[in-house]
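Colleague: I have a structure here, written as structure tokens, and I will follow up with some questions on it.
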Amino acid sequence: MLAMNRFLRSQLISVPRRRPRLCFGRLYHIKISNEIQQALNARKPIVALESTIITHGLPYPQNIEMAIQVESVIRENGAIPATIAFLDGEPRIGLSVDEVRQLAGFALQGAVNKVSRRDISYTMAKRMHGGTTISGTMILSHMAGIKVFATGGLGGVHKGAEITMDISADLEELGRTPVAVVCAGPKAILDIEKTMEYLETKGCTVATMGPDGTNIPGFFTRDSGVKSPVIFQTCKEAAEIIKAGDFMDLQSGYLFCVPPPADAALDSTLVAETIDRATEEAQRLGVNGKKLTPFLLGEIARRTAGKSVESNVQFVMNNAKIAAQIAVELASSSDVSLSKVEAQAQAGSIDAALHTTARILRGPVVVGSVAMDTHCSLREPVKMADSNPGSTRSAIGGVGYNVALASFLSNSESANHTTLISAVGSDLSGSAILDKAKIPVDAIHIDKTLPTAQYISLHRKNGELIIACADMKIAAELPEKHLMDQLQRLKPGVILTDANVSVKILETLVELQQRQKFRLIFEPTSQVKATKISELKNLKVYPNNSFYLATPTVCELKSIFESFDKQGLFNIDNWFPVLDCLQVDINLKEFQRTSNTTIVQDVLKRGIFQMGCYLLPYFPRIIVKDGANGLYVFALTQDVTKSPHQSTGADVSFASIGRDFMGGKLGLLFEHYPIPNANITVRNVTAAGDTLAGVILNEINENGDVFSMGSTVRSKSVRKSQLGAQMSVEFEGGVSPKLKNLT
């Protein structure tokens, strides 16, 4: 083995350098306003608002006046309002005043759908306008990460529902979506007692604000006569209830009932008589289903000479005030709960802090940089130390963003969307990124002290890189608290990190991986930054390895190898036994004799094979990108004899069957995959490597360990990633939007 060590080291020579990146594309999109997105990133208090009161509840123009006024009440009480609706089939979270007017105008024409859970997909597919009910608003609030929602009254179990089965979808949503709904109680037209029974069955927490003994309010009235299951007296108590439920990951909602102000409430006797008459009229006319509630409320408004409508608006204002105060309490206590998570992490209890129960979002996560990229193409001949004519274009880039975008696009029809955890500055570039990004940006932190990352590259006319400047300091300053908080929310099964982040963040990811057992992938980013990985104090070798896969270029592979050698990571006691069990030196001669001589001699001469072998105990899967020469796959396998190693897509495949190791024969699989098509038009090579990493990330998230599933699955996944990279090479803007058609 010592002879092999000397041979491997003697074969290492210099290798060419890596290149940079860029972006674009999407099918369905949830549009979150800049104000709401920044508030989410900064963890500011937000209150969601439904829009059926605009589209179906109030007449024009009172509906517009009410919508503007209720947002003002929320702001006055320290929170940020987020009115939710659908415009042209697009879910909107945070409407502008113009969009509210636009929605009200469509409602005046009768061109607006009423959107609950069942109506969302139809409204989007048909590109319809829609006012969201409590159900629809809860769903979109939860998707955006908004915890508190203010409305007027709750839908529920209608009288006679034991025959008609007329039960509002709002109740079902309260049993399955963890959002707090603040209202004036179930609408008085309902069977409130049965509504409470239904919510109890669904596991929804129902609480009423007031002293002990306070009953559930009846929307128009302060007291429905039905006992409230729970009482809360302050907004802080309500916030504590939400926090406790979220900690237990209950995945059910909260209904906080606020009795209407005494001067706005209607007389209970008058309301009861009016409802009875309106109900009789509805039965006589055959009104039922979705039309019943608007009909009954309309009759009540008519019979009370409009007083019920005035009361309705006052109730909404009062509920919005309480909801804003609850949201403020919830946001102000977030630092406390996060510090507990950090304390658990420092005490070695990160698994408790990030417990993995039911997962809502199972998409992969990318941790890394997002930057504003400026690409300069210079005319020939290029004159150094002088001004050169050419063309420029700017786009969102950064290794982390490009990888996340490629992963997102290559599986755009799946619900398992890729999330990027990154940071931008509180500047123009940061705002542009949050507004124009083609991937979810809800996990991007806004840093008020550092500028947004910038990447400027100069290229020859054929796309070849001349030189580049990268200001990525903000990526290295990604707050550990933000990372912990986002991973607690997302609970991913696969995480890819680029090397723009700090060594501390890399160590945190390793610590989490050891306890949570997600698959952790390392994208080295550049020759210089690739060496960070050797500085980790908690790096371990097989079978306790933290990293599942590394995706270096040839030159990055060399940088990693040299930095590991310098740090003495090839001299630790538990590294050598793993490499020795592979028996590579014994099988190497047979490999040279039976395989493609040109390729084999090349990878040996350049040290690619030798460096890959040395690093396998730390990275049991390695994909080495070699530009036009294709890519090389290294995989450390247990009991390699049980699965065929020859892949149909590889022109070189070598398996080393080694010694017994922990109950099976440890082996090495090495393959070379040529590029799919050499006859392509090269327009931009900057995002090719990132695209390949993004596609393979998605393949692993969707299919599992593709390297141990047999040659067919492995070959298909590798070839798909190569085809994706080829699409980006042919695309002038970076990551190709055609990835959404990748099969």
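By convention here, the chains of the structure tokens are called A, B, ... in the order presented, each chain's residues are numbered starting at 1, and ligands are numbered starting at 1 in the order presented.
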Would you mind writing down, as an mmCIF file with N, CA and C atoms, in the first residue's frame, each residue of range 495-734 of chain A that DSSP on the backbone assigns to alpha helix (DSSP H)?

Modeller:
```cif
data_model
loop_
_atom_site.group_PDB
_atom_site.id
_atom_site.type_symbol
_atom_site.label_atom_id
_atom_site.label_comp_id
_atom_site.auth_asym_id
_atom_site.auth_seq_id
_atom_site.Cartn_x
_atom_site.Cartn_y
_atom_site.Cartn_z
ATOM 1 N N VAL A 503 -16.752 28.397 7.241
ATOM 2 C CA VAL A 503 -16.386 27.100 7.821
ATOM 3 C C VAL A 503 -17.331 26.765 8.970
ATOM 4 N N LYS A 504 -17.738 27.779 9.722
ATOM 5 C CA LYS A 504 -18.656 27.568 10.844
ATOM 6 C C LYS A 504 -19.990 27.009 10.367
ATOM 7 N N ILE A 505 -20.514 27.548 9.267
ATOM 8 C CA ILE A 505 -21.777 27.036 8.717
ATOM 9 C C ILE A 505 -21.599 25.605 8.229
ATOM 10 N N LEU A 506 -20.469 25.320 7.586
ATOM 11 C CA LEU A 506 -20.197 23.950 7.138
ATOM 12 C C LEU A 506 -20.143 22.995 8.331
ATOM 13 N N GLU A 507 -19.520 23.431 9.409
ATOM 14 C CA GLU A 507 -19.447 22.589 10.607
ATOM 15 C C GLU A 507 -20.827 22.379 11.222
ATOM 16 N N THR A 508 -21.653 23.415 11.180
ATOM 17 C CA THR A 508 -23.022 23.280 11.692
ATOM 18 C C THR A 508 -23.808 22.264 10.873
ATOM 19 N N LEU A 509 -23.657 22.317 9.557
ATOM 20 C CA LEU A 509 -24.344 21.354 8.693
ATOM 21 C C LEU A 509 -23.871 19.929 8.969
ATOM 22 N N VAL A 510 -22.571 19.767 9.184
ATOM 23 C CA VAL A 510 -22.032 18.443 9.507
ATOM 24 C C VAL A 510 -22.608 17.938 10.826
ATOM 25 N N GLU A 511 -22.668 18.832 11.819
ATOM 26 C CA GLU A 511 -23.222 18.456 13.128
ATOM 27 C C GLU A 511 -24.683 18.031 12.998
ATOM 28 N N LEU A 512 -25.442 18.795 12.229
ATOM 29 C CA LEU A 512 -26.851 18.456 12.015
ATOM 30 C C LEU A 512 -26.994 17.141 11.271
ATOM 31 N N GLN A 513 -26.138 16.930 10.269
ATOM 32 C CA GLN A 513 -26.228 15.701 9.479
ATOM 33 C C GLN A 513 -25.975 14.470 10.341
ATOM 34 N N GLN A 514 -25.038 14.564 11.249
ATOM 35 C CA GLN A 514 -24.725 13.427 12.107
ATOM 36 C C GLN A 514 -25.930 13.018 12.941
ATOM 37 N N ARG A 515 -26.813 13.958 13.233
ATOM 38 C CA ARG A 515 -27.965 13.660 14.077
ATOM 39 C C ARG A 515 -29.247 13.457 13.280
ATOM 40 N N GLN A 516 -29.400 14.205 12.194
ATOM 41 C CA GLN A 516 -30.633 14.125 11.412
ATOM 42 C C GLN A 516 -30.557 13.156 10.241
ATOM 43 N N GLN A 527 -11.429 26.756 -6.901
ATOM 44 C CA GLN A 527 -10.215 26.133 -6.370
ATOM 45 C C GLN A 527 -9.870 26.642 -4.974
ATOM 46 N N VAL A 528 -9.963 27.949 -4.786
ATOM 47 C CA VAL A 528 -9.594 28.537 -3.498
ATOM 48 C C VAL A 528 -10.595 28.149 -2.415
ATOM 49 N N LYS A 529 -11.882 28.314 -2.714
ATOM 50 C CA LYS A 529 -12.910 28.063 -1.698
ATOM 51 C C LYS A 529 -13.076 26.579 -1.388
ATOM 52 N N ALA A 530 -12.699 25.725 -2.325
ATOM 53 C CA ALA A 530 -12.826 24.281 -2.108
ATOM 54 C C ALA A 530 -12.023 23.812 -0.908
ATOM 55 N N VAL A 554 -12.133 19.055 -11.995
ATOM 56 C CA VAL A 554 -10.835 18.399 -11.835
ATOM 57 C C VAL A 554 -9.899 19.259 -10.994
ATOM 58 N N CYS A 555 -9.871 20.566 -11.282
ATOM 59 C CA CYS A 555 -8.954 21.427 -10.531
ATOM 60 C C CYS A 555 -9.399 21.586 -9.080
ATOM 61 N N GLU A 556 -10.694 21.587 -8.835
ATOM 62 C CA GLU A 556 -11.180 21.649 -7.452
ATOM 63 C C GLU A 556 -10.866 20.356 -6.705
ATOM 64 N N LEU A 557 -10.939 19.239 -7.412
ATOM 65 C CA LEU A 557 -10.565 17.955 -6.814
ATOM 66 C C LEU A 557 -9.115 18.012 -6.335
ATOM 67 N N LYS A 558 -8.264 18.574 -7.164
ATOM 68 C CA LYS A 558 -6.845 18.695 -6.809
ATOM 69 C C LYS A 558 -6.662 19.618 -5.598
ATOM 70 N N SER A 559 -7.407 20.722 -5.558
ATOM 71 C CA SER A 559 -7.315 21.639 -4.417
ATOM 72 C C SER A 559 -7.746 20.957 -3.122
ATOM 73 N N ILE A 560 -8.833 20.203 -3.195
ATOM 74 C CA ILE A 560 -9.310 19.492 -2.001
ATOM 75 C C ILE A 560 -8.271 18.478 -1.550
ATOM 76 N N PHE A 561 -7.746 17.717 -2.524
ATOM 77 C CA PHE A 561 -6.742 16.701 -2.196
ATOM 78 C C PHE A 561 -5.530 17.330 -1.506
ATOM 79 N N GLU A 562 -5.020 18.399 -2.092
ATOM 80 C CA GLU A 562 -3.818 19.030 -1.541
ATOM 81 C C GLU A 562 -4.074 19.624 -0.154
ATOM 82 N N SER A 563 -5.266 20.201 0.041
ATOM 83 C CA SER A 563 -5.571 20.777 1.352
ATOM 84 C C SER A 563 -5.752 19.687 2.406
ATOM 85 N N PHE A 564 -6.335 18.549 2.017
ATOM 86 C CA PHE A 564 -6.468 17.426 2.949
ATOM 87 C C PHE A 564 -5.089 16.885 3.325
ATOM 88 N N ASP A 565 -4.228 16.800 2.325
ATOM 89 C CA ASP A 565 -2.870 16.308 2.567
ATOM 90 C C ASP A 565 -2.128 17.250 3.524
ATOM 91 N N LYS A 566 -2.277 18.554 3.287
ATOM 92 C CA LYS A 566 -1.615 19.557 4.120
ATOM 93 C C LYS A 566 -2.125 19.516 5.557
ATOM 94 N N PHE A 576 -6.946 5.204 6.751
ATOM 95 C CA PHE A 576 -6.200 4.186 6.014
ATOM 96 C C PHE A 576 -6.933 2.844 5.924
ATOM 97 N N PRO A 577 -7.568 2.328 6.998
ATOM 98 C CA PRO A 577 -8.242 1.029 6.884
ATOM 99 C C PRO A 577 -9.328 0.993 5.811
ATOM 100 N N VAL A 578 -10.025 2.103 5.624
ATOM 101 C CA VAL A 578 -11.068 2.147 4.594
ATOM 102 C C VAL A 578 -10.441 2.049 3.212
ATOM 103 N N LEU A 579 -9.420 2.862 2.958
ATOM 104 C CA LEU A 579 -8.760 2.832 1.652
ATOM 105 C C LEU A 579 -8.110 1.473 1.399
ATOM 106 N N ASP A 580 -7.515 0.920 2.434
ATOM 107 C CA ASP A 580 -6.845 -0.371 2.298
ATOM 108 C C ASP A 580 -7.836 -1.472 1.937
ATOM 109 N N CYS A 581 -9.054 -1.424 2.500
ATOM 110 C CA CYS A 581 -10.076 -2.441 2.215
ATOM 111 C C CYS A 581 -10.543 -2.407 0.759
ATOM 112 N N LEU A 582 -10.376 -1.283 0.097
ATOM 113 C CA LEU A 582 -10.812 -1.185 -1.301
ATOM 114 C C LEU A 582 -9.944 -2.018 -2.238
ATOM 115 N N VAL A 584 -7.539 -1.253 -4.152
ATOM 116 C CA VAL A 584 -7.450 -0.617 -5.469
ATOM 117 C C VAL A 584 -6.167 -1.007 -6.188
ATOM 118 N N ASP A 585 -5.051 -1.050 -5.461
ATOM 119 C CA ASP A 585 -3.770 -1.321 -6.112
ATOM 120 C C ASP A 585 -3.739 -2.704 -6.749
ATOM 121 N N ILE A 586 -4.403 -3.683 -6.123
ATOM 122 C CA ILE A 586 -4.419 -5.049 -6.654
ATOM 123 C C ILE A 586 -5.218 -5.123 -7.953
ATOM 124 N N ASN A 587 -6.316 -4.352 -8.016
ATOM 125 C CA ASN A 587 -7.198 -4.408 -9.180
ATOM 126 C C ASN A 587 -6.817 -3.418 -10.279
ATOM 127 N N LEU A 588 -5.868 -2.533 -9.989
ATOM 128 C CA LEU A 588 -5.549 -1.466 -10.928
ATOM 129 C C LEU A 588 -4.962 -1.987 -12.240
ATOM 130 N N LYS A 589 -4.104 -2.972 -12.167
ATOM 131 C CA LYS A 589 -3.504 -3.512 -13.392
ATOM 132 C C LYS A 589 -4.554 -4.121 -14.306
ATOM 133 N N GLU A 590 -5.513 -4.849 -13.716
ATOM 134 C CA GLU A 590 -6.590 -5.439 -14.516
ATOM 135 C C GLU A 590 -7.433 -4.345 -15.160
ATOM 136 N N PHE A 591 -7.649 -3.265 -14.411
ATOM 137 C CA PHE A 591 -8.396 -2.121 -14.917
ATOM 138 C C PHE A 591 -7.691 -1.528 -16.138
ATOM 139 N N GLN A 592 -6.397 -1.346 -16.052
ATOM 140 C CA GLN A 592 -5.637 -0.784 -17.164
ATOM 141 C C GLN A 592 -5.638 -1.720 -18.375
ATOM 142 N N ARG A 593 -5.635 -3.015 -18.115
ATOM 143 C CA ARG A 593 -5.558 -3.986 -19.203
ATOM 144 C C ARG A 593 -6.875 -4.105 -19.969
ATOM 145 N N THR A 594 -8.008 -4.040 -19.263
ATOM 146 C CA THR A 594 -9.303 -4.331 -19.892
ATOM 147 C C THR A 594 -10.083 -3.093 -20.321
ATOM 148 N N THR A 597 -7.961 2.334 -23.133
ATOM 149 C CA THR A 597 -6.587 2.712 -22.798
ATOM 150 C C THR A 597 -6.391 4.220 -22.731
ATOM 151 N N THR A 598 -6.937 4.960 -23.693
ATOM 152 C CA THR A 598 -6.731 6.408 -23.743
ATOM 153 C C THR A 598 -7.291 7.096 -22.507
ATOM 154 N N ILE A 599 -8.542 6.778 -22.166
ATOM 155 C CA ILE A 599 -9.190 7.419 -21.017
ATOM 156 C C ILE A 599 -8.513 7.013 -19.717
ATOM 157 N N VAL A 600 -8.236 5.721 -19.577
ATOM 158 C CA VAL A 600 -7.614 5.223 -18.350
ATOM 159 C C VAL A 600 -6.253 5.856 -18.135
ATOM 160 N N GLN A 601 -5.438 5.884 -19.187
ATOM 161 C CA GLN A 601 -4.111 6.473 -19.054
ATOM 162 C C GLN A 601 -4.191 7.962 -18.727
ATOM 163 N N ASP A 602 -5.212 8.630 -19.286
ATOM 164 C CA ASP A 602 -5.371 10.064 -19.044
ATOM 165 C C ASP A 602 -5.732 10.346 -17.584
ATOM 166 N N VAL A 603 -6.708 9.595 -17.027
ATOM 167 C CA VAL A 603 -7.114 9.859 -15.644
ATOM 168 C C VAL A 603 -6.013 9.478 -14.659
ATOM 169 N N LEU A 604 -5.193 8.498 -15.039
ATOM 170 C CA LEU A 604 -4.064 8.138 -14.178
ATOM 171 C C LEU A 604 -2.955 9.178 -14.276
ATOM 172 N N LYS A 605 -2.683 9.628 -15.491
ATOM 173 C CA LYS A 605 -1.620 10.604 -15.699
ATOM 174 C C LYS A 605 -1.940 11.931 -15.013
ATOM 175 N N ILE A 608 -6.448 12.080 -11.549
ATOM 176 C CA ILE A 608 -7.875 12.126 -11.208
ATOM 177 C C ILE A 608 -8.293 10.873 -10.449
ATOM 178 N N PHE A 609 -7.901 9.720 -10.969
ATOM 179 C CA PHE A 609 -8.278 8.455 -10.340
ATOM 180 C C PHE A 609 -7.672 8.347 -8.939
ATOM 181 N N GLN A 610 -6.411 8.696 -8.813
ATOM 182 C CA GLN A 610 -5.726 8.565 -7.538
ATOM 183 C C GLN A 610 -6.308 9.512 -6.480
ATOM 184 N N MET A 611 -6.560 10.757 -6.866
ATOM 185 C CA MET A 611 -7.113 11.718 -5.909
ATOM 186 C C MET A 611 -8.511 11.306 -5.472
ATOM 187 N N GLY A 612 -9.303 10.827 -6.429
ATOM 188 C CA GLY A 612 -10.646 10.371 -6.090
ATOM 189 C C GLY A 612 -10.624 9.239 -5.082
ATOM 190 N N CYS A 613 -9.712 8.285 -5.276
ATOM 191 C CA CYS A 613 -9.589 7.158 -4.342
ATOM 192 C C CYS A 613 -9.240 7.638 -2.933
ATOM 193 N N TYR A 614 -8.305 8.569 -2.851
ATOM 194 C CA TYR A 614 -7.884 9.076 -1.543
ATOM 195 C C TYR A 614 -9.033 9.770 -0.802
ATOM 196 N N LEU A 615 -9.907 10.422 -1.538
ATOM 197 C CA LEU A 615 -10.972 11.213 -0.911
ATOM 198 C C LEU A 615 -12.242 10.413 -0.634
ATOM 199 N N ALA A 688 -22.789 25.705 -16.411
ATOM 200 C CA ALA A 688 -22.886 24.281 -16.753
ATOM 201 C C ALA A 688 -22.687 23.384 -15.532
ATOM 202 N N GLY A 689 -21.610 23.643 -14.780
ATOM 203 C CA GLY A 689 -21.332 22.815 -13.609
ATOM 204 C C GLY A 689 -22.395 22.940 -12.539
ATOM 205 N N ASP A 690 -22.905 24.156 -12.347
ATOM 206 C CA ASP A 690 -23.958 24.365 -11.354
ATOM 207 C C ASP A 690 -25.247 23.665 -11.769
ATOM 208 N N THR A 691 -25.541 23.707 -13.064
ATOM 209 C CA THR A 691 -26.734 23.029 -13.562
ATOM 210 C C THR A 691 -26.639 21.535 -13.326
ATOM 211 N N LEU A 692 -25.479 20.962 -13.638
ATOM 212 C CA LEU A 692 -25.286 19.531 -13.419
ATOM 213 C C LEU A 692 -25.506 19.177 -11.946
ATOM 214 N N ALA A 693 -24.938 19.984 -11.045
ATOM 215 C CA ALA A 693 -25.100 19.726 -9.612
ATOM 216 C C ALA A 693 -26.555 19.856 -9.186
ATOM 217 N N GLY A 694 -27.261 20.845 -9.752
ATOM 218 C CA GLY A 694 -28.665 21.043 -9.400
ATOM 219 C C GLY A 694 -29.555 19.902 -9.844
ATOM 220 N N VAL A 695 -29.320 19.406 -11.058
ATOM 221 C CA VAL A 695 -30.138 18.298 -11.567
ATOM 222 C C VAL A 695 -29.876 17.029 -10.766
ATOM 223 N N ILE A 696 -28.607 16.748 -10.476
ATOM 224 C CA ILE A 696 -28.301 15.529 -9.715
ATOM 225 C C ILE A 696 -28.842 15.651 -8.287
ATOM 226 N N LEU A 697 -28.856 16.868 -7.733
ATOM 227 C CA LEU A 697 -29.468 17.094 -6.420
ATOM 228 C C LEU A 697 -30.936 16.698 -6.442
ATOM 229 N N ASN A 698 -31.648 17.134 -7.460
ATOM 230 C CA ASN A 698 -33.066 16.793 -7.559
ATOM 231 C C ASN A 698 -33.274 15.299 -7.774
ATOM 232 N N GLU A 699 -32.410 14.678 -8.574
ATOM 233 C CA GLU A 699 -32.521 13.234 -8.804
ATOM 234 C C GLU A 699 -32.375 12.461 -7.492
ATOM 235 N N ILE A 700 -31.442 12.874 -6.665
ATOM 236 C CA ILE A 700 -31.222 12.199 -5.381
ATOM 237 C C ILE A 700 -32.406 12.432 -4.450
ATOM 238 N N ASN A 701 -32.938 13.660 -4.460
ATOM 239 C CA ASN A 701 -34.081 13.951 -3.598
ATOM 240 C C ASN A 701 -35.311 13.145 -4.006
ATOM 241 N N GLU A 702 -35.519 12.998 -5.312
ATOM 242 C CA GLU A 702 -36.709 12.301 -5.803
ATOM 243 C C GLU A 702 -36.562 10.787 -5.765
ATOM 244 N N ASN A 703 -35.353 10.281 -6.013
ATOM 245 C CA ASN A 703 -35.173 8.834 -6.200
ATOM 246 C C ASN A 703 -34.375 8.133 -5.110
ATOM 247 N N SER A 711 -27.232 -0.096 -12.266
ATOM 248 C CA SER A 711 -26.645 0.690 -13.350
ATOM 249 C C SER A 711 -27.672 1.500 -14.128
ATOM 250 N N THR A 712 -28.900 0.989 -14.281
ATOM 251 C CA THR A 712 -29.906 1.692 -15.084
ATOM 252 C C THR A 712 -30.290 3.021 -14.448
ATOM 253 N N VAL A 713 -30.605 2.995 -13.153
ATOM 254 C CA VAL A 713 -30.994 4.220 -12.450
ATOM 255 C C VAL A 713 -29.832 5.201 -12.406
ATOM 256 N N ARG A 714 -28.641 4.689 -12.103
ATOM 257 C CA ARG A 714 -27.459 5.549 -12.016
ATOM 258 C C ARG A 714 -27.175 6.221 -13.359
ATOM 259 N N SER A 715 -27.193 5.430 -14.409
ATOM 260 C CA SER A 715 -26.904 5.956 -15.743
ATOM 261 C C SER A 715 -27.932 7.003 -16.159
ATOM 262 N N LYS A 716 -29.208 6.746 -15.864
ATOM 263 C CA LYS A 716 -30.267 7.688 -16.239
ATOM 264 C C LYS A 716 -30.102 9.017 -15.511
ATOM 265 N N SER A 717 -29.789 8.959 -14.221
ATOM 266 C CA SER A 717 -29.637 10.185 -13.433
ATOM 267 C C SER A 717 -28.420 10.986 -13.879
ATOM 268 N N VAL A 718 -27.307 10.295 -14.118
ATOM 269 C CA VAL A 718 -26.094 10.982 -14.561
ATOM 270 C C VAL A 718 -26.305 11.603 -15.934
ATOM 271 N N ARG A 719 -26.909 10.834 -16.835
ATOM 272 C CA ARG A 719 -27.141 11.351 -18.188
ATOM 273 C C ARG A 719 -28.099 12.541 -18.162
ATOM 274 N N LYS A 720 -29.108 12.488 -17.312
ATOM 275 C CA LYS A 720 -30.048 13.606 -17.199
ATOM 276 C C LYS A 720 -29.332 14.870 -16.735
ATOM 277 N N SER A 721 -28.419 14.719 -15.787
ATOM 278 C CA SER A 721 -27.673 15.882 -15.302
ATOM 279 C C SER A 721 -26.756 16.432 -16.387
ATOM 280 N N GLN A 722 -26.178 15.551 -17.203
ATOM 281 C CA GLN A 722 -25.323 16.009 -18.301
ATOM 282 C C GLN A 722 -26.136 16.738 -19.372
ATOM 283 N N LEU A 723 -27.314 16.221 -19.672
ATOM 284 C CA LEU A 723 -28.175 16.877 -20.657
ATOM 285 C C LEU A 723 -28.611 18.255 -20.157
ATOM 286 N N GLY A 724 -28.871 18.354 -18.852
ATOM 287 C CA GLY A 724 -29.215 19.650 -18.274
ATOM 288 C C GLY A 724 -28.071 20.636 -18.399
ATOM 289 N N ALA A 725 -26.854 20.179 -18.114
ATOM 290 C CA ALA A 725 -25.680 21.041 -18.249
ATOM 291 C C ALA A 725 -25.507 21.486 -19.696
ATOM 292 N N GLN A 726 -25.761 20.580 -20.628
ATOM 293 C CA GLN A 726 -25.642 20.910 -22.052
ATOM 294 C C GLN A 726 -26.644 21.992 -22.446
ATOM 295 N N MET A 727 -27.876 21.917 -21.899
ATOM 296 C CA MET A 727 -28.875 22.949 -22.183
ATOM 297 C C MET A 727 -28.381 24.323 -21.741
ATOM 298 N N SER A 728 -27.724 24.375 -20.584
ATOM 299 C CA SER A 728 -27.223 25.656 -20.081
ATOM 300 C C SER A 728 -26.030 26.158 -20.883
ATOM 301 N N VAL A 729 -25.211 25.250 -21.394
ATOM 302 C CA VAL A 729 -24.090 25.637 -22.258
ATOM 303 C C VAL A 729 -24.609 26.302 -23.529
#
```

Colleague: Residues at most 8 Å from range 98-108 of chain A, counting only C-alpha atoms, excluding those fewer than 5 positions away in the same chain, as a PyMOL selection string?

Modeller: chain A and resi 54-56+60-61+63-64+67+87+129

Colleague: Please provide the set of residues having any atom within 7 Å of range 485-502 of chain A, restricted to only C-alpha atoms, with same-chain residues fewer than 5 positions apart removed, written as a PyMOL selection string.

Modeller: chain A and resi 354+356+359+361-369+399-400+443+472+475-478+518-525+529-530+701

Colleague: Go through range 428-477 of chain A and flag each residue having an atom no more than 12 Å from range 392-396 of chain A; for those, report the closest pair of atoms plus their distance in Å to one decimal, using only C-alpha atoms, ordered by chain and rising number, as CSV.

Modeller:
```
residue,atom,partner,partner_atom,distance
A:Ser429,CA,A:Ile396,CA,9.2
A:Gly430,CA,A:Ile396,CA,10.0
A:Ser431,CA,A:Ile396,CA,11.4
A:Ala432,CA,A:Ile396,CA,8.7
A:Ile433,CA,A:Ile396,CA,6.4
A:Leu434,CA,A:Ile396,CA,9.8
A:Asp435,CA,A:Ile396,CA,10.6
A:Lys436,CA,A:Ile396,CA,8.1
A:Ala437,CA,A:Ile396,CA,7.0
A:Lys438,CA,A:Ile396,CA,9.2
A:Ile439,CA,A:Ile396,CA,10.9
A:Thr452,CA,A:Ile396,CA,11.1
A:Ala453,CA,A:Ile396,CA,10.1
A:Gln454,CA,A:Ile396,CA,9.4
A:Tyr455,CA,A:Ile396,CA,9.5
A:Ile456,CA,A:Ser394,CA,9.0
A:Ser457,CA,A:Thr392,CA,9.7
A:Leu458,CA,A:Thr392,CA,9.2
A:His459,CA,A:Thr392,CA,10.2
A:Lys461,CA,A:Thr392,CA,11.8
```

Colleague: What does the file look like for those residues with C-alpha atoms, as a CSV table (one decimal), in the first residue's frame?

Modeller:
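Resulting contents of out.csv:
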```csv
chain,number,residue,atom,x,y,z
A,429,SER,CA,-29.6,44.6,-5.9
A,430,GLY,CA,-31.1,42.7,-3.0
A,431,SER,CA,-34.6,44.0,-3.7
A,432,ALA,CA,-34.2,43.1,-7.4
A,433,ILE,CA,-33.2,39.5,-6.5
A,434,LEU,CA,-36.1,39.1,-4.2
A,435,ASP,CA,-38.5,40.5,-6.8
A,436,LYS,CA,-37.1,38.7,-9.9
A,437,ALA,CA,-35.9,35.3,-8.6
A,438,LYS,CA,-37.4,32.3,-10.3
A,439,ILE,CA,-37.3,30.2,-7.2
A,452,THR,CA,-25.6,42.0,-1.9
A,453,ALA,CA,-23.1,39.7,-3.5
A,454,GLN,CA,-21.8,40.8,-6.9
A,455,TYR,CA,-20.1,38.7,-9.6
A,456,ILE,CA,-18.6,40.4,-12.7
A,457,SER,CA,-17.1,38.3,-15.4
A,458,LEU,CA,-15.3,39.2,-18.7
A,459,HIS,CA,-15.4,36.8,-21.6
A,461,LYS,CA,-16.6,36.4,-27.9
```

Colleague: Kindly provide the residues of range 73-179 of chain A that approach range 202-226 of chain A to within 10 Å, each paired with its closest atom pair and their distance in Å to one decimal, based on only C-alpha atoms, listed by chain and increasing number, as CSV.

Modeller:
```
residue,atom,partner,partner_atom,distance
A:Gly152,CA,A:Phe219,CA,7.7
A:Gly153,CA,A:Phe219,CA,5.7
A:Leu154,CA,A:Phe219,CA,8.1
A:Leu171,CA,A:Lys202,CA,7.9
A:Glu172,CA,A:Lys202,CA,7.2
A:Glu173,CA,A:Lys202,CA,9.1
A:Leu174,CA,A:Cys204,CA,5.9
A:Gly175,CA,A:Lys202,CA,4.7
A:Arg176,CA,A:Lys202,CA,7.9
A:Thr177,CA,A:Cys204,CA,9.4
A:Pro178,CA,A:Cys204,CA,9.2
```

Colleague: Which is closest to Glu310 in chain A among A:Val685, A:Gln233, A:Asp263, A:Gly185, if we use only C-alpha atoms?

Modeller: A:Asp263

Colleague: Which one of A:Val735, A:Cys376, A:Ala125, A:Ala79 sits closest to Ile467 in chain A if you count only C-alpha atoms?

Modeller: A:Cys376

Colleague: I'd like the interatomic distance between CA of Val47 in chain A and CA of Pro81 in chain A, to a tenth of an Å.

Modeller: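 CA of Pro81 in chain A lies at a distance of 5.0 Å from CA of Val47 in chain A.
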
Colleague: Record the distance separating CA of Glu193 in chain A and CA of Arg118 in chain A, expressed in Å with one decimal.

Modeller: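 Straight-line distance from CA of Glu193 in chain A to CA of Arg118 in chain A works out to 25.7 Å.
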
Colleague: Skip Gly667 in chain A itself and residues of its chain fewer than 5 positions away, then list as a PyMOL selection string all residues within 6 Å of it, counting only C-alpha atoms.

Modeller: chain A and resi 582+636-637+640+656-658

Colleague: Counting only C-alpha atoms, figure out which residue out of A:Asn545, A:Thr83, A:Thr419, A:Thr304 gets nearest to Ala272 in chain A.

Modeller: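 Using only C-alpha atoms, Ala272 in chain A sits closest to A:Thr304.
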